[in-house]
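*Asks:* Mind looking over this structure? Questions follow.
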Amino acid sequence: MSVAPIRPKGPPLNAMRAFEAAARHVSFVAAADELCVTPGAISQHIKTLEDWAGTSLFRRNAQGVELTKAGASLVSRFTLAFDALADATRSLRNLGPDVDFHIAALPSVAQLWLPKRLSKVRAHFPMINFSVTAMETPPSLSRELFDLAIFFDVPDGSTDQVSICADEIVPVCAPALLERVAEFDTVTLLHDQTWADDWAVWSKATATPTGDPMRGPRFSLYSLAVEEAKASAGVLIGHLCLIEDALANGSLKRADEHTCHTGRHLCARLPDEARRRPETDQVVSLLH
């Protein structure tokens, strides 16, 4: 007669994943954002793990959370384990002959800068399916199955970051509005919520008065603000790399001759070399 003893069970994988993310960020909110769940779900997962282990892993307080001594002792092991799991998952995915190449990009980049360049990349790699996900914050390329991330950032000199171009800004408006833009403190200023301080940055850098640089309507997507500028709703700070087509076809005009550098660059972030697809470096070259 065969014997099938009951084996001891470990904690749920999702609970361990929640702990690792929360421990790495020392934040339930940041972990929830990374794992696309609610902070309450992260908290419940942590409680499940604490109940299973019989010890507290986090201290909760009014300012947030902090790791206990027991929790801190586990961070490096859990991080290594989930890094290894991510590598194994990536290797499994790459076994297929027609694997998708996943690109994460800031919404404005995905909408205004990437399409024309991606068509050139697709022509060069007709057998690869290129997928684009618009995100407000860069993903973790060591954990998530993205092959490339394109966002504005400050160059850090690392080998996994490629600077594509400097982020230069200048006020722009529709041709019909251009003649009426005499002083910037008398016109409607348009704003993108991601770069809410654009007007203040440009005004200070160029010593150009704008009145209250925060006045005027705001838009949740930069592409919406660009369309409003084209419709003569006001003057927008144009990020030159994002509005090159609009300037080229004349739907937007520079409202001032002075440009300034924000200190950021449009950058491509690559996974660690061991995790990269063979085509990744060439894709980045074609996007320049």
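Residue numbering restarts at 1 in every chain; chains get A, B, ... in the order shown in the structure tokens, and ligands count up from 1 in that same order.
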Pick out the residues sitting within 8 Å of region 172-176 of chain A, and hand them over as a PyMOL selection string; count only C-alpha atoms, and ignore anything fewer than 3 positions along from it in its own chain.
*Replies:* chain A and resi 179+229-232+234-238+250-256
*Asks:* Which residues, written as a count of residues only, have at least one atom at most 12 Å from Asp51 (chain A), with only C-alpha atoms counted and residues fewer than 4 positions away on the same chain left out?
*Replies:* 11
*Asks:* Using only C-alpha atoms, which residue out of A:Pro126, A:Asp197, A:Pro39, A:Thr133 lies closest to Asp212 (chain A)?
*Replies:*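 That would be A:Asp197, the residue with the smallest distance to Asp212 (chain A).
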*Asks:* Taking the backbone alone, and naming residues the way the document does, which bits of region 180-287 of chain A are strand (DSSP E or B) by DSSP, as a list in words?
*Replies:*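 Residues meeting the strand (DSSP E or B) criterion: Leu189, Leu190, His191, Asp192, Arg218, Phe219, Val235, Leu236, Ile237, Gly238, His239, Lys253, Arg254, Cys260, His261, Thr262, Gly263, Arg264, His265, Leu266, Cys267, Ala268 and Arg269 of chain A.
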*Asks:* Write a file of the selected residues as a CSV table (one decimal), in the first residue's frame, keeping C-alpha atoms.
*Replies:*
chain,number,residue,atom,x,y,z
A,189,LEU,CA,-0.4,79.3,-20.6
A,190,LEU,CA,-1.0,75.6,-21.3
A,191,HIS,CA,0.5,73.0,-19.0
A,192,ASP,CA,1.1,69.2,-18.9
A,218,ARG,CA,-3.6,71.6,-17.2
A,219,PHE,CA,-3.8,68.3,-19.2
A,235,VAL,CA,0.9,78.8,-25.6
A,236,LEU,CA,2.6,75.6,-24.5
A,237,ILE,CA,6.2,74.8,-23.5
A,238,GLY,CA,7.3,72.5,-26.3
A,239,HIS,CA,9.7,69.7,-25.7
A,253,LYS,CA,5.4,77.7,-34.4
A,254,ARG,CA,8.0,78.8,-31.9
A,260,CYS,CA,16.7,76.1,-22.6
A,261,HIS,CA,17.9,72.7,-21.5
A,262,THR,CA,15.9,71.1,-18.7
A,263,GLY,CA,18.9,69.0,-17.5
A,264,ARG,CA,17.1,65.8,-18.6
A,265,HIS,CA,17.7,63.7,-21.7
A,266,LEU,CA,15.5,61.3,-23.5
A,267,CYS,CA,17.1,58.0,-22.5
A,268,ALA,CA,16.8,54.4,-23.4
A,269,ARG,CA,17.2,52.1,-20.4
*Asks:* For Pro107 (chain A), which residue among A:Tyr222, A:Phe184, A:Phe146, A:Phe82 is the nearest when counting only C-alpha atoms?
*Replies:*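 Closest candidate: A:Tyr222.
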*Asks:* Between CA of Thr188 (chain A) and CA of Thr206 (chain A), what is the distance in Å, rounded to a tenth?
*Replies:* 18.9 Å
*Asks:* In terms of the shortest atom-to-atom distance over only C-alpha atoms, which of A:Ala31, A:Cys36, A:Cys241, A:Leu145 is closest to Ser91 (chain A)?
*Replies:*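 Checking each candidate against Ser91 (chain A), we get A:Leu145 as the closest.
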*Asks:* Using only C-alpha atoms, pick whichever of A:Ala166, A:Leu92, A:Ala84, A:Val29 has the shortest atom-to-atom distance to Phe151 (chain A).
*Replies:*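 Among A:Ala166, A:Leu92, A:Ala84, A:Val29, it is A:Ala166 that comes nearest to Phe151 (chain A).
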*Asks:* Neighbouring residues of region 18-26 of chain A were defined as those with any atom within 9 Å, considering only C-alpha atoms; residues of the same chain fewer than 3 positions away were excluded. Please report them as a PyMOL selection string.
*Replies:* chain A and resi 13-15+29-32+34-35+41-43+45-46+49+57-58+64-67+71-72+74-76+78-79+82
*Asks:* Determine the nearest neighbour of Gln161 (chain A) from the options A:Trp52, A:Pro271, A:Asp33, A:Val187, counting only C-alpha atoms.
*Replies:*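 That would be A:Pro271, the residue with the smallest distance to Gln161 (chain A).
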*Asks:* Just the number, please: distance in Å from CA of Ser140 (chain A) to CA of Gln111 (chain A), one decimal.
*Replies:*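 Those two atoms sit 21.5 Å apart.
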*Asks:* One number please: CA of Leu177 (chain A) to CA of Ala110 (chain A), in Å, one decimal.
*Replies:* 27.7 Å
*Asks:* Find the spatial neighbours of Glu144 (chain A), counting only C-alpha atoms, within a cut-off of 9 Å - ignore same-chain residues fewer than 5 positions away - and output them as a list in words.
*Replies:*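 The filter keeps Ala86, Arg90 and Pro139 of chain A.
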*Asks:* Go ahead and write the residues just picked, N, CA and C atoms, as a JSON list (two decimals), in the first residue's frame.
*Replies:*
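That gives us again-v4.json:
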[["chain", "number", "residue", "atom", "x", "y", "z"],
["A", 86, "ALA", "N", 13.00, 35.94, -12.17],
["A", 86, "ALA", "CA", 12.79, 36.81, -13.33],
["A", 86, "ALA", "C", 13.68, 36.38, -14.50],
["A", 90, "ARG", "N", 12.38, 35.08, -18.10],
["A", 90, "ARG", "CA", 12.83, 35.70, -19.34],
["A", 90, "ARG", "C", 13.43, 34.65, -20.30],
["A", 139, "PRO", "N", 9.55, 51.01, -15.55],
["A", 139, "PRO", "CA", 9.43, 49.70, -14.91],
["A", 139, "PRO", "C", 10.79, 49.21, -14.43]]
*Asks:* Neighbouring residues of Trp199 (chain A) were defined as those with any atom within 8 Å, considering only C-alpha atoms; residues of the same chain fewer than 2 positions away were excluded. Please report them as a list in words.
*Replies:*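 After dropping sequence-adjacent residues, the list is Ala196, Asp197, Val201, Trp202, Ser203, Thr210, Pro213, Met214 and Ile237 of chain A.
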